[in-house]
Amino acid sequence: MFDYLTLKVIWWLLVGVLLLGFAIMDGHDMGVGSLLPFVGKDDEERRVIINTVGPHWDGNQVWFITAGGAVFAAWPLVYATAFSGFYFAMLAVLWALFFRPVGFDYRSKVNDPRWRNAWDWGIFVGSAIPALVFGVAFGNVIQGVPFHFEETMMPVYTGSFWALFNPFALVAGVVSLAMIIAHGANYLILRTEGAIQERARKAAVVAGALMLAGFALGGIMVANMPGFVLQPGLDAGSAINPLDKVVTLVPGAWLANFKAHPALWLVPAAGFLGGALGIFFALRRRGALAFISSAVAEFGVIFTAGVAIFPFVLPSTSDPKSSLTAWDCVSSKMTLEIMFWVALIMTPIIIAYTSWAYRVMRGKVTVEFIKANDKATY
Amino acid sequence: MISESLVDLSRLQFAMTAFYHFLFVPLTLGLSFLLAIMETVYVMTGKTIYRDMTKFWGKLFGINFALGVTTGLTMEFQFGTNWAYYSHYVGDIFGAPLAIEGLLAFFLESTMVGLFFFGWDRLSKVGHLTVTYLTAIGSNLSAVLILIANGWMQNPVGAEFNPVTMRMEMTSFWDLVFNPVAQSKFVHTISAGYVTGAIFVLGVSAWYLLKGRDVEFARRSFRIAASFGLASALSVIVLGDESGYHAAEAQETKLAAMEAMWKTEPAPAGLTLFGFPDEKNRVTHAEIHIPYVLGLIATRSTSKSLPGIDELEKKIEQRIGSGALAVKLLEKLRKDPKNPELLKAFNAVKADLGYGLLLKKYVADVTQATPEMVAKAVDDAIPAVAPLFWSFRLMVGLSLWFLALFATSFYFAAKNRVSEKPWLLKWALYSIPLPWIACEVGWFVAEYGRQPWTIHGVLPTHLSTSTLSTGSVLFSLAGFLVFYTLLLVVELFLMFKYARLGPSSLGTGQYFHEQQGSAGYSASPAAPRSGKEV
């Protein structure tokens with residue numbers, strides 16, 4: 001049906017789509033979780049905030065799990081190399097995430113302020129830490145990571161944990177966290193009213209502005225950092241061992257794709273425009289439009305990073321030929337093809353029943369509603 | 001070379017986190033269907049007591065489910081973090097069912113479970129019932145795909161090694177999906193989940209009956225659990241037997257170790273019911289041997305023999321020899337990938353590549369292996385007998401115990417005399433922890449019995465890890481231990497709290513703790529206490 005090269009491009013897009021799905025869906029409840037202790041001033045307000053995402057956080061979290069599974073299936077070398085290389089960062093994400101399911105489900109099951117307050121901070125940690133760490137990880141990927149493959153294709157990471165926290169990566173971390181918080185705040189504008197909505201509005205403006213500033217600063221830094229260039233001579237449509245290629249480092253090379261195809265500038269433009277419109281609509285309390293805008297901003301930010309480094313997906317600074325690209329980090333043609341069909345059929349179905357679930361639970365969540373449904377809500 | 005302590009620590013961490021995850025999975029599998037059954041009765045009869053049953057057992061389901069989700073995250077990412085070489089080597093095949101699990105099953109289960117809890121007032125009766133069924137179907141579909149992945153580790157069909165990419169690649173998706181080991185494992189595992197769910201409901205209901213609290217509520221729950229449990233316990237045993245048949249075909253070493261078959265069992269193969277295996281002298285003391293039975297289970301015949309450890313070791317030694325050649329040829333092939341003669345020679349022995357890799361534990365250049373090293377590798381290739389022999393018998397013993405409990409409960413529930421039998425109620429109550437033990441030892445038999453491989457016959461465990469420092473894994477292991485202990489304490493605290501509260505936790509005003517001065521008997525007005533209904 002498709003040739004191998006087409007499937008490799010499709011899977012690069014699909015991984016991007018899954019990451020975007022994660023940012024839009026799990027992103028908004030992580031944003032809500034990050035804002036929980038600050039936007040909710042008392043127990044009832046916090047319950048309102050939690051119950052805006054209560055029926056949905058679990059389904060949303062599956063975007064994260066599925067993105068992980070899809071990377072395993074379609075890009076096994078990336079799954080193996082990145083997860084073992086970023087070992088402590090992955091542990092931080094994982095352990096922080098532990099507090100989300102239990103935080104949501106257990107918090108209101110005991111009527112004790114200390115218990116509830118502790119879980120509120122647990123939800124905060126489980127929401128803010130992953131968003132921050134993902135940004136930091138992407139910041140490192142864009143700069144390249146020190147790793148190489150042995151002859152057997154065993155990945156060996158040679159960097160340290162603390163080296164992950166360099167200036168560019170921290171900027172990327174701030175962009176990621178601010179983006180998620182703005183998105184969550186916009187969702188709260190849509191689903192709450194009164195004092196909570198007002199605080200969410202302020203958060204949307206501050207976080208939106210921070211995201212825009214960070215994205216611009218990151219862009220300037222990327223324009224000046226060394227990028228990776230794949231030397232010609234590789235048959236991208238065949239099965240390739242990653243070690244069988246030549247890669248060089250060239251300053252400013254991460255802008256090469258944009259220069260070659262100027263239409264691609266629309267991608268970062270979507271990031272800026274979405275961010276600005278998010279602030280615009282948040283100020284006018286137009287929750288739905290603000291939410292759509294911040295989703296567009298997420299598309300812009302994530303795909304800007306992907307397009308800039310394409311076809312690279314995990315460049316190596318210590319051994320450039322070990323760098324992983326969309327051509328050589330992939331599964332066999334058969335696996336890519338089967339997984340493509342599964343994703344093509346299932347994704348619209350998932351989007352359909354998720355939309356239905358949101359429709360069933362639509363409307364504002366209020367303090368009165370929580371009081372009336374004390375035992376049946378989080 | 002990978003240090004042995006790194007491999008051991010990585011295994012310990014995986015075993016611990018997997019065992020821990022499986023504390024929550026079977027109850028999710030079993031309770032989700034019990035909830036669907038209870039709600040079906042509610043929708044069909046309109047009796048609110050069944051709605052309350054669905055909601056109350058649903059609360060306990062939710063407490064358990066939260067930790068199932070939490071600990072499942074670890075499982076999804078641990079292959080990458082701690083088993084990087086494994087992930088590279090077999091990701092092409094193994095990753096697919098995991099990704100499909102997310103797309104096909106886990107999305108469905110997780111989206112619907114939210115509506116199960118929050119959608120009672122927003123959906124029609126049938127609409128909500130559909131949501132409950134979709135939750136149950138989602139969780140069971142999830143188990144299918146995970147067991148397809150796991151079944152492939154036991155019996156790696158539909159794949160072959162590609163010397164260019166240095167990994168296993170899929171050759172047939174249908175072989176992977178319809179792997180007989182995966183199919184029998186799936187049905188065995190979900191029935192074990194149903195048994196767990198049924199004993200949980202049975203035992204907790206028995207406690208209410210012993211206390212004389214919420215009797216109508218408890219009696220109906222008990223009856224549903226007894227019927228569902230009886231069917232499940234029967235299927236767990238029948239389908240476990242089916243697993244034995246497939247284990248015999250795919251993993252002779254596992255079966256030989258489980259059964260302490262030191263020597264080949266001539267046809268008709270007999271079954272060792274009991275005994276004390278002695279690994280050093282390779283005999284089983286005080287053996288109780290039943291002729292014919294194992295032959296029937298494992299070969300479905302009385303005319304086939306079953307290979308014992310002695311015979312298997314000879315086969316393995318041969319395969320290690322030819323595997324060492326495959327390893328050597330592969331190294332040459334990497335330097336000269338287009339050489340047709342090398343490729344031909346490699347293809348002739350590549351089925352034994354994994355056996356050659358077994359030697360890597362002892363020597364970097366496998367062609368330099370001494371006879372002692374080969375002997376050690378052969379010895380490694382048979383899992384330790386005693387742990388498998390005992391845990392297998394424990395699991396089977398427990399399953400018979402459950403069958404007896406369910407059969408007795410079903411009998412007295414049908415006669416409506418459960419409340420008069422405190423011994424039965426106590427039996428049910430104190431049996432609550434046992435299905436968890438059975439599930440965990442069952443997994444132990446399956447996975448410890450797979451050693452020394454992560455993928456049977458393809459990739460040895462000692463080559464499968466990441467290149468991490470021992471300290472890093474020690475740190476993460478300690479972290480998991482701390483977090484998981486804390487979470488378990490919290491979970492058990494809530495589980496006990498809500499089980500003690502009983503249906504009073506729903507706030508309907510109908511139940512025991514909500515009725516001051518009540519003698520403890522309560523039934524919702526729509527469901528008068530006649531006892532004859534259900």
# chains A, B, ... in the order shown; residues from 1 in each chain; ligands from 1
>>> interface_residues(of="chain B", to="chain A", cutoff="6 Å", atoms="only C-alpha atoms", output="MDAnalysis selection string")
chainID B and resid 66 70 80:81 84:85 87:88 91:92 95:96 98:99 102 107 110:111 114 164:165 467
>>> residues_around(residues="Ala226 (chain B)", least_positions_apart="6", cutoff="9 Å", atoms="only C-alpha atoms", output="compact mmCIF listing (two decimals) with N, CA and C atoms, in the first residue's frame")
# COMPACT_ATOMS: atom_id res chain seq x y z
N ALA B 198 -14.86 -12.05 42.49
CA ALA B 198 -15.98 -12.75 43.11
C ALA B 198 -15.69 -13.03 44.59
N ILE B 199 -14.45 -13.45 44.91
CA ILE B 199 -14.14 -13.73 46.32
C ILE B 199 -14.16 -12.45 47.14
N VAL B 201 -16.10 -9.76 46.65
CA VAL B 201 -17.50 -9.42 46.94
C VAL B 201 -18.10 -10.44 47.91
N LEU B 202 -17.79 -11.71 47.69
CA LEU B 202 -18.31 -12.77 48.54
C LEU B 202 -17.85 -12.56 50.00
N LEU B 405 -15.14 -23.47 47.75
CA LEU B 405 -15.83 -22.36 48.40
C LEU B 405 -17.02 -21.87 47.57
N PHE B 406 -16.78 -21.69 46.28
CA PHE B 406 -17.87 -21.19 45.42
C PHE B 406 -18.99 -22.21 45.30
N ALA B 407 -18.63 -23.48 45.16
CA ALA B 407 -19.67 -24.51 45.01
C ALA B 407 -20.54 -24.54 46.26
N THR B 408 -19.90 -24.51 47.44
CA THR B 408 -20.67 -24.52 48.69
C THR B 408 -21.52 -23.26 48.82
N SER B 409 -20.91 -22.10 48.51
CA SER B 409 -21.64 -20.84 48.62
C SER B 409 -22.83 -20.83 47.66
N PHE B 410 -22.59 -21.33 46.47
CA PHE B 410 -23.66 -21.34 45.48
C PHE B 410 -24.82 -22.22 45.94
N TYR B 411 -24.46 -23.37 46.51
CA TYR B 411 -25.48 -24.30 46.98
C TYR B 411 -26.36 -23.66 48.05
N ALA B 413 -26.58 -20.44 48.80
CA ALA B 413 -27.23 -19.23 48.31
C ALA B 413 -28.49 -19.59 47.53
>>> residues_around(residues="Arg220 (chain B)", least_positions_apart="3", cutoff="12 Å", atoms="only C-alpha atoms", output="count of residues only")
40
>>> residues_around(residues="Ala204 (chain A)", least_positions_apart="2", cutoff="7 Å", atoms="only C-alpha atoms", output="JSON, numbers by chain")
{"A": [182, 185, 186, 200, 201, 202, 206, 207, 208, 279, 282]}
>>> write_last_selection(atoms="C-alpha atoms", output="PDB file, in the first residue's frame")
ATOM      1  CA  ALA A 182      -2.345  28.768  30.153  1.00  0.00           C
ATOM      2  CA  ALA A 185      -6.533  28.202  32.901  1.00  0.00           C
ATOM      3  CA  ASN A 186      -8.501  28.664  29.686  1.00  0.00           C
ATOM      4  CA  ALA A 200      -8.088  31.548  36.218  1.00  0.00           C
ATOM      5  CA  ARG A 201      -8.319  34.551  33.899  1.00  0.00           C
ATOM      6  CA  LYS A 202      -5.343  36.216  35.549  1.00  0.00           C
ATOM      7  CA  VAL A 206       0.359  35.671  32.963  1.00  0.00           C
ATOM      8  CA  ALA A 207       1.126  32.135  31.774  1.00  0.00           C
ATOM      9  CA  GLY A 208       0.236  33.004  28.166  1.00  0.00           C
ATOM     10  CA  ILE A 279      -4.700  35.904  26.093  1.00  0.00           C
ATOM     11  CA  ALA A 282      -9.158  34.895  28.207  1.00  0.00           C
TER      12      ALA A 282
END
>>> closest_residue(among="A:Asn117, A:Val250, A:Lys245, A:Phe280", to="Glu44 (chain A)", atoms="only C-alpha atoms")
A:Asn117
>>> select_by_dssp(residues="region 84-181 of chain A", states="strand (DSSP E or B)", output="list in words")
Val145, Phe147, His148, Phe149, Pro155, Val156 and Tyr157 of chain A
>>> residues_around(residues="region 226-234 of chain A", least_positions_apart="4", cutoff="7 Å", atoms="only C-alpha atoms", output="PyMOL selection string")
chain A and resi 245-254
>>> residues_around(residues="region 213-218 of chain A", least_positions_apart="4", cutoff="7 Å", atoms="only C-alpha atoms", output="PyMOL selection string")
chain A and resi 168+171-172+174-175+209+222
>>> write_last_selection(atoms="C-alpha atoms", output="CSV table (one decimal), in the first residue's frame")
chain,number,residue,atom,x,y,z
A,168,PHE,CA,18.2,26.5,26.8
A,171,VAL,CA,13.8,28.0,28.8
A,172,ALA,CA,12.1,25.1,27.0
A,174,VAL,CA,9.3,27.2,31.2
A,175,VAL,CA,7.7,27.3,27.8
A,209,ALA,CA,2.6,36.0,28.2
A,222,VAL,CA,18.0,27.9,18.4
